[in-house]
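Let me begin by presenting the structure, written as structure tokens, before commenting on it.
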Amino acid sequence: MTDQNQPPQDPPPQQPPPNMGEGKTPKPNLPTPVQGGAAVLTVWLVYHPRKPRFVVVGAAVYELNATLQPYISTSMQFTIVTRNPNKRVSISYNKLQAYVSYRNQQITPTIDLPPLHHKTKSTVSLSPVLGSGWSRRSGRW
């Protein structure tokens, strides 16, 4: 005997998805260390960055004066050639500085060089003039 006047039964409660309990949010899909390493290796293989080369190709000394001991005065000019060997990586130098040292003693004031943008596979030549001031031979100003 079936009773047609019975109220309909509620559907069974839905089960939470696996690995998810009540009130928990799903975990984001983070890359594994292997996937991260593979991504870094891929980027390195594609770009294959190499260090730029800096070479001093010329030097000149002007106005060398050591008559007032213990002071020395000089001006020097160095020609520096820098090469970016990379095919896909350009390099920007926002701050470049130069000075001359002798026996680990700085003998010229530090000068700021202009910012430099090194395009791919390019060579740049710099010829700063350093010195032109009196300094103590001990390296102090």
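Letters for chains follow the order of the structure tokens (A, B, ...), residue numbers begin at 1 for each chain, and ligand numbers begin at 1 in the order shown.
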Leaving out Ile111 of chain A and any residue of its chain fewer than 6 positions from it, which residues lie within 10 Å of it when counting only C-alpha atoms, given as an MDAnalysis selection string? chainID A and resid 96:99 128:131
Using only C-alpha atoms, which residues sit within 7 Å of His118 of chain A once same-chain residues fewer than 3 positions away are excluded, as an MDAnalysis selection string? chainID A and resid 84 90:92 122
File dump, residues just selected, N, CA and C atoms, as a short mmCIF file (atom, residue, chain, number, x, y, z; two decimals), in the first residue's frame:
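Written output follows (result-v8.cif):
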data_model
loop_
_atom_site.label_atom_id
_atom_site.label_comp_id
_atom_site.auth_asym_id
_atom_site.auth_seq_id
_atom_site.Cartn_x
_atom_site.Cartn_y
_atom_site.Cartn_z
N ASN A 84 78.74 43.75 -25.53
CA ASN A 84 77.63 42.91 -25.09
C ASN A 84 77.52 41.75 -26.08
N SER A 90 69.60 42.92 -23.87
CA SER A 90 70.27 44.22 -23.82
C SER A 90 70.49 44.57 -22.35
N ILE A 91 71.45 45.46 -22.10
CA ILE A 91 71.85 45.78 -20.73
C ILE A 91 71.79 47.29 -20.56
N SER A 92 71.21 47.73 -19.44
CA SER A 92 71.19 49.15 -19.11
C SER A 92 72.00 49.38 -17.84
N SER A 122 76.44 44.61 -29.34
CA SER A 122 77.00 45.93 -29.63
C SER A 122 78.29 46.15 -28.87
#
Excluding Val81 of chain A and any residue of its chain fewer than 4 positions from it, enumerate the residues within 12 Å of it, using only C-alpha atoms, and give them as a PyMOL selection string. chain A and resi 52-58+118+122-128
Could you take the residues named above and write them with C-alpha atoms, as a PDB file, in the first residue's frame?
ATOM      1  CA  PRO A  52      79.613  41.776 -20.928  1.00  0.00           C
ATOM      2  CA  ARG A  53      83.346  42.362 -21.421  1.00  0.00           C
ATOM      3  CA  PHE A  54      85.186  45.529 -20.391  1.00  0.00           C
ATOM      4  CA  VAL A  55      88.711  46.029 -21.768  1.00  0.00           C
ATOM      5  CA  VAL A  56      91.085  48.982 -21.325  1.00  0.00           C
ATOM      6  CA  VAL A  57      92.574  49.552 -24.780  1.00  0.00           C
ATOM      7  CA  GLY A  58      94.411  52.817 -24.192  1.00  0.00           C
ATOM      8  CA  HIS A 118      74.027  48.393 -24.287  1.00  0.00           C
ATOM      9  CA  SER A 122      76.996  45.931 -29.627  1.00  0.00           C
ATOM     10  CA  THR A 123      80.319  47.519 -28.751  1.00  0.00           C
ATOM     11  CA  VAL A 124      80.626  50.845 -26.897  1.00  0.00           C
ATOM     12  CA  SER A 125      83.759  52.905 -26.298  1.00  0.00           C
ATOM     13  CA  LEU A 126      84.201  55.190 -23.265  1.00  0.00           C
ATOM     14  CA  SER A 127      87.067  57.662 -22.746  1.00  0.00           C
ATOM     15  CA  PRO A 128      86.718  59.362 -19.354  1.00  0.00           C
TER      16      PRO A 128
END
Which residues are close to Val100 of chain A, i.e. within 12 Å by only C-alpha atoms, leaving aside same-chain residues fewer than 3 positions away? Reply as JSON, numbers by chain. {"A": [59, 61, 74, 75, 76, 77, 78, 97, 103, 104, 105, 106, 107, 108, 109, 110, 111, 128, 129, 130, 131, 132, 135, 139]}
Residue with smallest distance to Thr120 of chain A - pool A:Ser101, A:Asn94, A:Asn86, A:Gln35, counting only C-alpha atoms: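 The shortest atom-to-atom distance to Thr120 of chain A comes from A:Asn86.
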For the atom pair atom CA of Leu116 of chain A and atom CA of Tyr93 of chain A, what is the interatomic distance in Å to one decimal place?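 Computing the Euclidean distance for atom CA of Leu116 of chain A and atom CA of Tyr93 of chain A yields 5.1 Å.
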Two-atom distance - atom CA of Gly37 of chain A, atom CA of Arg88 of chain A (Å): 21.0 Å
Neighbours of Lys95 of chain A within 9 Å (only C-alpha atoms; same-chain residues fewer than 4 positions away dropped), as a count of residues only? 5
